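Text of my_file-v8.cif (mmCIF, C-alpha atoms) as supplied:
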```
data_protein
#
loop_
_atom_site.group_PDB
_atom_site.id
_atom_site.type_symbol
_atom_site.label_atom_id
_atom_site.label_comp_id
_atom_site.auth_asym_id
_atom_site.auth_seq_id
_atom_site.Cartn_x
_atom_site.Cartn_y
_atom_site.Cartn_z
ATOM 1 C CA MET P 8 3.384 -36.650 2.094
ATOM 2 C CA ARG P 9 2.533 -36.428 5.769
ATOM 3 C CA ILE P 10 0.853 -39.331 7.490
ATOM 4 C CA LEU P 11 0.185 -40.186 11.127
ATOM 5 C CA VAL P 12 2.387 -43.036 12.331
ATOM 6 C CA ASN P 13 1.275 -44.375 15.707
ATOM 7 C CA GLY P 14 -0.302 -41.018 16.392
ATOM 8 C CA ALA P 15 2.710 -38.873 15.398
ATOM 9 C CA SER P 16 2.921 -36.858 12.199
ATOM 10 C CA ARG P 17 5.694 -38.142 9.895
ATOM 11 C CA GLU P 18 6.888 -37.290 6.398
ATOM 12 C CA VAL P 19 7.243 -40.246 4.024
ATOM 13 C CA ARG P 20 8.270 -40.402 0.376
ATOM 14 C CA ALA P 21 7.111 -43.949 -0.429
ATOM 15 C CA ALA P 22 3.619 -44.262 -1.859
ATOM 16 C CA ASP P 23 3.052 -47.811 -0.654
ATOM 17 C CA LEU P 24 2.985 -49.321 2.816
ATOM 18 C CA SER P 25 6.007 -51.599 2.340
ATOM 19 C CA GLY P 26 8.184 -48.710 1.261
ATOM 20 C CA ALA P 27 6.916 -46.492 4.064
ATOM 21 C CA LEU P 28 7.738 -49.117 6.697
ATOM 22 C CA GLU P 29 11.254 -49.462 5.326
ATOM 23 C CA GLU P 30 11.690 -45.704 5.341
ATOM 24 C CA LEU P 31 10.388 -45.396 8.915
ATOM 25 C CA GLY P 32 12.921 -47.886 10.281
ATOM 26 C CA TYR P 33 10.767 -51.018 10.477
ATOM 27 C CA GLY P 34 12.695 -52.989 7.847
ATOM 28 C CA GLY P 35 12.794 -56.668 8.798
ATOM 29 C CA ALA P 36 10.821 -56.092 12.002
ATOM 30 C CA VAL P 37 7.997 -58.368 13.140
ATOM 31 C CA VAL P 38 5.086 -55.939 13.076
ATOM 32 C CA ALA P 39 1.406 -55.871 12.192
ATOM 33 C CA THR P 40 -0.080 -52.918 10.398
ATOM 34 C CA ALA P 41 -3.393 -51.140 10.113
ATOM 35 C CA VAL P 42 -4.271 -48.158 7.945
ATOM 36 C CA ASN P 43 -7.186 -45.961 8.992
ATOM 37 C CA GLY P 44 -8.301 -48.631 11.453
ATOM 38 C CA GLU P 45 -8.286 -51.499 8.937
ATOM 39 C CA PHE P 46 -5.841 -54.377 9.283
ATOM 40 C CA VAL P 47 -3.426 -54.644 6.342
ATOM 41 C CA PRO P 48 -1.828 -58.124 6.168
ATOM 42 C CA ALA P 49 1.893 -58.253 5.435
ATOM 43 C CA THR P 50 1.247 -59.803 2.021
ATOM 44 C CA ASP P 51 -0.917 -56.823 1.024
ATOM 45 C CA ARG P 52 1.581 -54.141 2.058
ATOM 46 C CA PRO P 53 3.339 -53.732 -1.319
ATOM 47 C CA ALA P 54 0.003 -53.045 -2.992
ATOM 48 C CA ALA P 55 -1.393 -50.838 -0.216
ATOM 49 C CA ARG P 56 -1.257 -47.219 -1.397
ATOM 50 C CA LEU P 57 -0.889 -44.475 1.159
ATOM 51 C CA THR P 58 -2.410 -41.051 0.815
ATOM 52 C CA GLU P 59 -1.894 -37.781 2.633
ATOM 53 C CA GLY P 60 -3.277 -37.825 6.173
ATOM 54 C CA ASP P 61 -3.572 -41.627 6.442
ATOM 55 C CA ARG P 62 -3.422 -43.045 9.957
ATOM 56 C CA LEU P 63 -0.893 -45.866 10.111
ATOM 57 C CA GLU P 64 -0.625 -48.104 13.154
ATOM 58 C CA VAL P 65 2.464 -50.284 13.502
ATOM 59 C CA LEU P 66 2.194 -52.801 16.320
ATOM 60 C CA ALA P 67 4.702 -55.282 17.686
ATOM 61 C CA PRO P 68 4.776 -58.004 20.351
ATOM 62 C CA MET P 69 4.601 -56.638 23.857
ATOM 63 C CA GLN P 70 4.155 -57.942 27.395
ATOM 64 C CA GLY P 71 0.556 -58.790 28.206
ATOM 65 C CA GLY P 72 -1.649 -60.479 30.749
ATOM 66 C CA MET W 1 -3.858 -83.615 31.138
ATOM 67 C CA LEU W 2 -5.478 -80.323 30.141
ATOM 68 C CA ARG W 3 -6.747 -80.014 26.584
ATOM 69 C CA LEU W 4 -7.398 -76.578 25.071
ATOM 70 C CA TYR W 5 -8.441 -76.545 21.419
ATOM 71 C CA GLU W 6 -6.857 -79.939 20.693
ATOM 72 C CA VAL W 7 -3.618 -78.966 22.408
ATOM 73 C CA ASP W 8 -2.607 -81.144 25.351
ATOM 74 C CA LEU W 9 -0.903 -79.361 28.217
ATOM 75 C CA SER W 10 0.526 -80.850 31.374
ATOM 76 C CA SER W 11 0.579 -77.496 33.203
ATOM 77 C CA ARG W 12 -2.683 -75.938 34.355
ATOM 78 C CA LEU W 13 -1.193 -72.467 34.559
ATOM 79 C CA LEU W 14 -1.378 -69.858 31.830
ATOM 80 C CA LEU W 15 1.022 -67.082 32.737
ATOM 81 C CA GLY W 16 0.949 -63.412 31.791
ATOM 82 C CA THR W 17 4.176 -61.704 30.751
ATOM 83 C CA ALA W 18 3.504 -58.138 31.928
ATOM 84 C CA ARG W 19 4.981 -56.052 34.753
ATOM 85 C CA TYR W 20 7.999 -58.177 35.704
ATOM 86 C CA PRO W 21 10.996 -56.377 37.183
ATOM 87 C CA SER W 22 13.198 -57.478 34.263
ATOM 88 C CA PRO W 23 13.218 -59.732 31.196
ATOM 89 C CA ALA W 24 15.545 -62.128 33.041
ATOM 90 C CA ILE W 25 13.095 -62.469 35.934
ATOM 91 C CA LEU W 26 10.244 -63.023 33.480
ATOM 92 C CA THR W 27 12.235 -65.844 31.875
ATOM 93 C CA GLU W 28 13.003 -67.473 35.214
ATOM 94 C CA ALA W 29 9.422 -67.078 36.433
ATOM 95 C CA VAL W 30 8.032 -68.812 33.336
ATOM 96 C CA LYS W 31 10.435 -71.683 33.895
ATOM 97 C CA ALA W 32 9.670 -71.939 37.618
ATOM 98 C CA SER W 33 5.914 -71.879 36.966
ATOM 99 C CA GLY W 34 6.074 -74.754 34.501
ATOM 100 C CA ALA W 35 3.596 -72.822 32.316
ATOM 101 C CA GLN W 36 3.396 -73.981 28.720
ATOM 102 C CA VAL W 37 1.258 -71.050 27.612
ATOM 103 C CA VAL W 38 2.035 -67.364 28.109
ATOM 104 C CA THR W 39 -0.131 -64.407 27.225
ATOM 105 C CA VAL W 40 1.248 -61.614 25.083
ATOM 106 C CA SER W 41 -0.067 -58.414 23.593
ATOM 107 C CA LEU W 42 0.499 -55.907 20.802
ATOM 108 C CA ARG W 43 1.506 -52.306 21.252
ATOM 109 C CA ARG W 44 2.742 -49.474 19.104
ATOM 110 C CA GLU W 45 6.304 -50.052 17.969
ATOM 111 C CA SER W 46 8.785 -47.241 17.416
ATOM 112 C CA GLY W 47 10.858 -47.608 14.270
ATOM 113 C CA GLY W 48 13.880 -46.289 16.151
ATOM 114 C CA GLU W 49 13.689 -48.335 19.351
ATOM 115 C CA ARG W 50 12.055 -51.530 18.085
ATOM 116 C CA ALA W 51 11.476 -52.629 21.702
ATOM 117 C CA GLY W 52 8.978 -55.289 20.718
ATOM 118 C CA GLN W 53 11.522 -57.186 18.649
ATOM 119 C CA GLY W 54 13.687 -57.990 21.672
ATOM 120 C CA PHE W 55 10.674 -59.055 23.704
ATOM 121 C CA TRP W 56 9.477 -61.329 20.919
ATOM 122 C CA SER W 57 12.846 -63.007 20.594
ATOM 123 C CA LEU W 58 12.865 -63.586 24.383
ATOM 124 C CA ILE W 59 9.426 -65.226 24.244
ATOM 125 C CA ARG W 60 10.364 -67.411 21.281
ATOM 126 C CA GLY W 61 13.405 -68.562 23.226
ATOM 127 C CA LEU W 62 11.161 -69.883 26.003
ATOM 128 C CA GLY W 63 9.702 -72.565 23.762
ATOM 129 C CA VAL W 64 6.163 -72.013 25.051
ATOM 130 C CA ARG W 65 2.890 -71.491 23.230
ATOM 131 C CA VAL W 66 1.620 -67.904 23.081
ATOM 132 C CA LEU W 67 -1.900 -66.648 23.642
ATOM 133 C CA PRO W 68 -2.207 -63.124 22.193
ATOM 134 C CA ASN W 69 -4.750 -60.911 23.937
ATOM 135 C CA THR W 70 -6.884 -58.004 22.829
ATOM 136 C CA ALA W 71 -6.283 -56.084 26.062
ATOM 137 C CA GLY W 72 -7.307 -52.456 26.004
ATOM 138 C CA CYS W 73 -9.990 -52.945 23.353
ATOM 139 C CA HIS W 74 -13.325 -51.352 24.168
ATOM 140 C CA SER W 75 -15.214 -52.085 20.962
ATOM 141 C CA VAL W 76 -15.943 -55.097 18.797
ATOM 142 C CA LYS W 77 -14.132 -53.562 15.853
ATOM 143 C CA GLU W 78 -10.975 -52.808 17.845
ATOM 144 C CA ALA W 79 -10.942 -56.321 19.298
ATOM 145 C CA VAL W 80 -11.488 -58.018 15.942
ATOM 146 C CA THR W 81 -8.810 -55.917 14.237
ATOM 147 C CA THR W 82 -6.363 -56.546 17.094
ATOM 148 C CA ALA W 83 -7.068 -60.279 16.876
ATOM 149 C CA HIS W 84 -6.207 -60.229 13.166
ATOM 150 C CA MET W 85 -2.993 -58.344 13.826
ATOM 151 C CA GLY W 86 -2.071 -60.760 16.619
ATOM 152 C CA ARG W 87 -2.739 -63.788 14.443
ATOM 153 C CA GLU W 88 -0.318 -62.517 11.838
ATOM 154 C CA VAL W 89 2.454 -61.467 14.223
ATOM 155 C CA PHE W 90 2.281 -64.443 16.561
ATOM 156 C CA ASN W 91 1.334 -66.992 13.913
ATOM 157 C CA THR W 92 -1.424 -68.570 15.978
ATOM 158 C CA SER W 93 -5.187 -68.799 15.710
ATOM 159 C CA TRP W 94 -5.502 -68.612 19.503
ATOM 160 C CA VAL W 95 -6.769 -65.333 20.891
ATOM 161 C CA LYS W 96 -7.613 -64.231 24.412
ATOM 162 C CA LEU W 97 -10.583 -62.066 23.595
ATOM 163 C CA GLU W 98 -11.124 -59.069 25.839
ATOM 164 C CA VAL W 99 -13.723 -56.421 25.181
ATOM 165 C CA ILE W 100 -13.611 -54.097 28.146
ATOM 166 C CA GLY W 101 -16.863 -52.458 29.174
ATOM 167 C CA GLU W 102 -15.909 -50.367 32.164
ATOM 168 C CA ASP W 103 -12.581 -48.855 33.151
ATOM 169 C CA GLU W 104 -12.740 -48.985 36.955
ATOM 170 C CA THR W 105 -13.401 -52.717 37.204
ATOM 171 C CA LEU W 106 -12.228 -53.739 33.722
ATOM 172 C CA GLN W 107 -15.436 -55.724 33.583
ATOM 173 C CA PRO W 108 -15.948 -57.340 30.189
ATOM 174 C CA ASP W 109 -18.594 -55.882 27.896
ATOM 175 C CA VAL W 110 -20.288 -59.249 27.478
ATOM 176 C CA PHE W 111 -22.532 -58.054 24.645
ATOM 177 C CA GLY W 112 -19.559 -56.905 22.595
ATOM 178 C CA LEU W 113 -17.674 -60.018 23.647
ATOM 179 C CA VAL W 114 -20.305 -62.367 22.227
ATOM 180 C CA GLU W 115 -20.480 -60.367 19.002
ATOM 181 C CA ALA W 116 -16.688 -60.317 18.564
ATOM 182 C CA ALA W 117 -16.458 -64.028 19.443
ATOM 183 C CA ARG W 118 -19.025 -64.861 16.774
ATOM 184 C CA ILE W 119 -17.059 -62.960 14.119
ATOM 185 C CA LEU W 120 -13.698 -64.429 15.118
ATOM 186 C CA CYS W 121 -14.884 -68.039 15.457
ATOM 187 C CA LYS W 122 -16.348 -67.822 11.939
ATOM 188 C CA GLU W 123 -12.982 -66.599 10.726
ATOM 189 C CA GLY W 124 -11.227 -69.642 12.149
ATOM 190 C CA PHE W 125 -9.909 -68.188 15.391
ATOM 191 C CA GLU W 126 -9.773 -70.329 18.497
ATOM 192 C CA VAL W 127 -11.210 -67.918 20.993
ATOM 193 C CA PHE W 128 -10.524 -67.781 24.744
ATOM 194 C CA PRO W 129 -13.122 -65.240 25.890
ATOM 195 C CA TYR W 130 -12.477 -63.270 29.060
ATOM 196 C CA THR W 131 -15.972 -63.267 30.533
ATOM 197 C CA THR W 132 -17.939 -63.176 33.761
ATOM 198 C CA GLU W 133 -19.514 -66.169 35.511
ATOM 199 C CA ASP W 134 -22.898 -65.387 33.902
ATOM 200 C CA LEU W 135 -24.493 -68.600 32.637
ATOM 201 C CA ILE W 136 -26.395 -67.090 29.748
ATOM 202 C CA VAL W 137 -23.364 -65.234 28.463
ATOM 203 C CA ALA W 138 -21.438 -68.500 28.692
ATOM 204 C CA GLU W 139 -24.129 -70.228 26.680
ATOM 205 C CA ARG W 140 -24.049 -67.512 24.011
ATOM 206 C CA LEU W 141 -20.257 -67.716 23.796
ATOM 207 C CA LEU W 142 -20.441 -71.461 23.260
ATOM 208 C CA GLU W 143 -23.129 -70.970 20.605
ATOM 209 C CA ALA W 144 -20.819 -68.458 18.939
ATOM 210 C CA GLY W 145 -18.202 -71.187 18.618
ATOM 211 C CA CYS W 146 -15.977 -70.793 21.691
ATOM 212 C CA ARG W 147 -14.762 -74.110 23.093
ATOM 213 C CA VAL W 148 -13.005 -72.675 26.153
ATOM 214 C CA LEU W 149 -14.381 -70.110 28.608
ATOM 215 C CA MET W 150 -12.381 -67.845 30.870
ATOM 216 C CA PRO W 151 -14.532 -66.459 33.679
ATOM 217 C CA TRP W 152 -13.043 -63.839 35.951
ATOM 218 C CA GLY W 153 -12.290 -64.631 39.582
ATOM 219 C CA SER W 154 -12.410 -60.938 40.485
ATOM 220 C CA PRO W 155 -11.342 -57.746 38.676
ATOM 221 C CA ILE W 156 -8.051 -57.854 36.748
ATOM 222 C CA GLY W 157 -5.085 -57.092 38.977
ATOM 223 C CA SER W 158 -7.185 -56.918 42.163
ATOM 224 C CA GLY W 159 -5.798 -60.101 43.734
ATOM 225 C CA ARG W 160 -9.097 -60.737 45.491
ATOM 226 C CA GLY W 161 -9.426 -64.353 44.469
ATOM 227 C CA LEU W 162 -12.736 -66.014 43.676
ATOM 228 C CA ASN W 163 -15.213 -63.239 44.312
ATOM 229 C CA ASN W 164 -18.443 -65.058 43.466
ATOM 230 C CA LEU W 165 -17.907 -68.600 44.585
ATOM 231 C CA PHE W 166 -21.508 -69.626 44.094
ATOM 232 C CA GLY W 167 -21.608 -68.209 40.567
ATOM 233 C CA LEU W 168 -18.372 -69.937 39.601
ATOM 234 C CA GLN W 169 -19.513 -73.260 41.056
ATOM 235 C CA THR W 170 -22.783 -72.958 39.167
ATOM 236 C CA LEU W 171 -20.913 -72.267 35.946
ATOM 237 C CA ARG W 172 -18.730 -75.333 36.526
ATOM 238 C CA ALA W 173 -21.772 -77.497 37.213
ATOM 239 C CA ARG W 174 -23.705 -76.144 34.226
ATOM 240 C CA PHE W 175 -20.923 -76.818 31.689
ATOM 241 C CA PRO W 176 -19.120 -79.933 32.920
ATOM 242 C CA GLU W 177 -17.494 -80.669 29.551
ATOM 243 C CA VAL W 178 -16.202 -77.197 28.674
ATOM 244 C CA PRO W 179 -12.643 -76.314 29.691
ATOM 245 C CA LEU W 180 -12.965 -73.432 32.156
ATOM 246 C CA VAL W 181 -9.991 -71.238 32.979
ATOM 247 C CA VAL W 182 -10.284 -68.771 35.842
ATOM 248 C CA ASP W 183 -8.763 -65.615 34.430
ATOM 249 C CA ALA W 184 -8.119 -62.484 36.474
ATOM 250 C CA GLY W 185 -8.200 -61.660 40.135
ATOM 251 C CA ILE W 186 -6.160 -64.531 41.498
ATOM 252 C CA GLY W 187 -3.776 -63.088 44.060
ATOM 253 C CA LEU W 188 -2.484 -66.069 45.996
ATOM 254 C CA PRO W 189 -1.563 -69.692 45.377
ATOM 255 C CA SER W 190 -4.439 -70.639 47.714
ATOM 256 C CA HIS W 191 -6.899 -68.929 45.328
ATOM 257 C CA ALA W 192 -5.510 -70.978 42.451
ATOM 258 C CA ALA W 193 -5.698 -74.173 44.475
ATOM 259 C CA GLN W 194 -9.293 -73.351 45.374
ATOM 260 C CA ALA W 195 -10.218 -72.867 41.700
ATOM 261 C CA LEU W 196 -8.831 -76.268 40.819
ATOM 262 C CA GLU W 197 -10.368 -77.945 43.859
ATOM 263 C CA LEU W 198 -13.734 -76.731 42.538
ATOM 264 C CA GLY W 199 -13.048 -78.437 39.234
ATOM 265 C CA PHE W 200 -11.848 -75.514 37.142
ATOM 266 C CA ASP W 201 -9.399 -76.751 34.555
ATOM 267 C CA ALA W 202 -6.740 -74.070 34.778
ATOM 268 C CA VAL W 203 -5.988 -70.534 35.884
ATOM 269 C CA LEU W 204 -4.499 -67.541 34.101
ATOM 270 C CA ILE W 205 -2.299 -65.427 36.332
ATOM 271 C CA ASN W 206 -0.123 -62.386 35.796
ATOM 272 C CA THR W 207 0.064 -59.732 38.501
ATOM 273 C CA ALA W 208 0.136 -62.209 41.411
ATOM 274 C CA VAL W 209 3.446 -63.498 40.071
ATOM 275 C CA SER W 210 4.987 -60.443 38.422
ATOM 276 C CA GLN W 211 4.307 -58.091 41.337
ATOM 277 C CA ALA W 212 5.393 -60.480 44.098
ATOM 278 C CA ARG W 213 8.547 -59.504 45.946
ATOM 279 C CA ASP W 214 10.145 -62.597 44.432
ATOM 280 C CA PRO W 215 8.303 -63.428 41.193
ATOM 281 C CA VAL W 216 10.329 -66.581 40.560
ATOM 282 C CA GLY W 217 9.589 -67.916 44.044
ATOM 283 C CA MET W 218 5.907 -67.070 43.649
ATOM 284 C CA ALA W 219 5.771 -68.780 40.250
ATOM 285 C CA GLY W 220 7.036 -71.958 41.899
ATOM 286 C CA ALA W 221 4.501 -71.583 44.718
ATOM 287 C CA PHE W 222 1.680 -71.362 42.171
ATOM 288 C CA ALA W 223 2.928 -74.489 40.411
ATOM 289 C CA GLN W 224 2.725 -76.411 43.693
ATOM 290 C CA ALA W 225 -0.691 -74.985 44.576
ATOM 291 C CA LEU W 226 -2.105 -75.988 41.206
ATOM 292 C CA ALA W 227 -0.744 -79.495 41.523
ATOM 293 C CA ALA W 228 -2.302 -79.774 44.992
ATOM 294 C CA GLY W 229 -5.629 -78.278 43.905
ATOM 295 C CA ARG W 230 -5.959 -80.629 40.955
ATOM 296 C CA ALA W 231 -4.945 -83.677 42.978
ATOM 297 C CA ALA W 232 -7.545 -82.720 45.594
ATOM 298 C CA TYR W 233 -10.252 -82.385 42.943
ATOM 299 C CA GLU W 234 -9.404 -85.785 41.504
ATOM 300 C CA ALA W 235 -9.369 -87.306 44.994
ATOM 301 C CA GLY W 236 -12.946 -86.111 45.615
ATOM 302 C CA PRO W 237 -13.213 -83.580 48.460
ATOM 303 C CA MET W 238 -15.537 -84.309 51.388
ATOM 304 C CA GLU W 239 -18.889 -82.543 51.640
ATOM 305 C CA PRO W 240 -18.851 -79.638 54.111
ATOM 306 C CA ARG W 241 -21.430 -79.750 56.916
ATOM 307 C CA ASP W 242 -22.697 -77.235 59.444
ATOM 308 C CA LEU W 243 -22.186 -79.151 62.674
ATOM 309 C CA ALA W 244 -19.265 -81.048 64.094
ATOM 310 C CA ALA W 245 -18.905 -84.752 63.372
ATOM 311 C CA PRO W 246 -16.397 -86.553 65.594
ATOM 312 C CA SER W 247 -13.589 -88.041 63.605
ATOM 313 C CA THR W 248 -12.561 -90.413 66.386
ATOM 314 C CA PRO W 249 -15.012 -93.349 66.641
ATOM 315 C CA LEU W 250 -17.306 -93.139 69.701
ATOM 316 C CA ILE W 251 -17.789 -96.889 70.002
ATOM 317 C CA GLY W 252 -15.708 -98.225 72.861
ATOM 318 C CA THR W 253 -15.281 -94.853 74.584
ATOM 319 C CA ALA W 254 -14.342 -95.436 78.211
ATOM 320 C CA PHE W 255 -16.795 -94.353 80.925
ATOM 321 C CA LEU W 256 -14.606 -92.242 83.183
ATOM 322 C CA ALA W 257 -17.039 -89.744 84.654
#
```
Rewrite the coordinates I just gave you, this time as structure tokens.
Amino acid sequence: MRILVNGASREVRAADLSGALEELGYGGAVVATAVNGEFVPATDRPAARLTEGDRLEVLAPMQGG
Amino acid sequence: MLRLYEVDLSSRLLLGTARYPSPAILTEAVKASGAQVVTVSLRRESGGERAGQGFWSLIRGLGVRVLPNTAGCHSVKEAVTTAHMGREVFNTSWVKLEVIGEDETLQPDVFGLVEAARILCKEGFEVFPYTTEDLIVAERLLEAGCRVLMPWGSPIGSGRGLNNLFGLQTLRARFPEVPLVVDAGIGLPSHAAQALELGFDAVLINTAVSQARDPVGMAGAFAQALAAGRAAYEAGPMEPRDLAAPSTPLIGTAFLA
């Protein structure tokens, strides 16, 4: 299915968020996730189902003031 | 000793981590500043580059406490969601809460700020709200559960120092027990010293250090200014007056006319 990952259209096979992150190259990375604007805690990722057109945000630590 | 949410800190500088010429200079600047708290943010991570992972390992190596911000958020929902994401990634309940109301001045949307602060305090966050010097907003933030306030000196990144001295002094006088951190607008060590001379508890600085020609040198200069400003406050500054008052005693002046 196609979903939007950080604003870019991507094809993923996994139906859950954990699997999608692995597939997209985030395995083992320290990231926080939100689907369709709602925060999804790391512990909920295996149970979080993705559907066509979902908007996934994957955020990581960055410089800030 | 500065105490923010039950954490004792010997440094009165909170340092931002953005816009340094290199990661190595950032590291050296943090060390030279003596800061025990640095601000960090969250941004989109690319699965290929994973740039954030390297930055995070650098920050962890510094052994300092992190204060995640909600920079760039313009709505309550965005700020609350970002705070949740920051809490998970950085493993801290501290959050520098920014709800921006206007893009030219980056002035906080104080209405959204109070609303977001209320939500986050209820959820167990320890909120550092980026606010103005407005007394009523400050009161509402404290009612919402904030136990630290961060009034702006002047607009973020402007380097103009303490823009509304009277307003800031009034805020200090009105809330003598609340830790107040001047956040934003400090451009020079003298601005930071002035904030502490007035009784502010700490300052949060980023651009003034990171955009200096020599950020490490400037970080050290700020550390000295803050030490001087605090020592001056504790020593009790004299009251200014409008007319001259001779410092040399007049008694015993020779008559030589």
Worksheet item: Which chain W residues are at most 8 Å from chain P (counting all atoms listed in the file), as a VMD selection string?
Response: chain W and resid 15 to 19 39 to 45 47 to 48 50 52 to 53 55 to 56 68 to 69 71 81 84 to 86 88 to 90 205 to 207
Fill in: Point-to-point distance from atom CA of Val37 of chain W to atom CA of Arg65 of chain W, Å rounded to tenths
4.7 Å
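Among the candidates P:Ala22, P:Ile10, P:Ala27, P:Ala15, the one nearest to Gly60 of chain P when counting all atoms listed in the file is P:Ile10.
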Discussion item. Using only C-alpha atoms for the distances, tell me which of W:Leu188, W:Asp134, W:Ala144, W:Thr105 is nearest to Ala219 of chain W.
Written reply: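 Closest to Ala219 of chain W of all the choices is W:Leu188.
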Worksheet item: Of the candidates W:Gly101, W:Ala208, W:Glu115, W:Thr170, which one gets nearest to Glu143 of chain W if we count only C-alpha atoms?
Response: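 Among the listed residues, the smallest separation from Glu143 of chain W belongs to W:Glu115.
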Practice prompt. Please evaluate the PyMOL selection byres ((chain W and resi 165) around 12) against the displayed coordinates and give the resulting residues as a ChimeraX atom specification.
Written response: /W:133,151-154,160-164,166-172,182,191,194-195,198,200
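Every residue within 6 Å of the file position (-4.3, -43.4, 6.7), judged by only C-alpha atoms, is given as Val42, Asn43, Gly60, Asp61, Arg62 and Leu63 of chain P.
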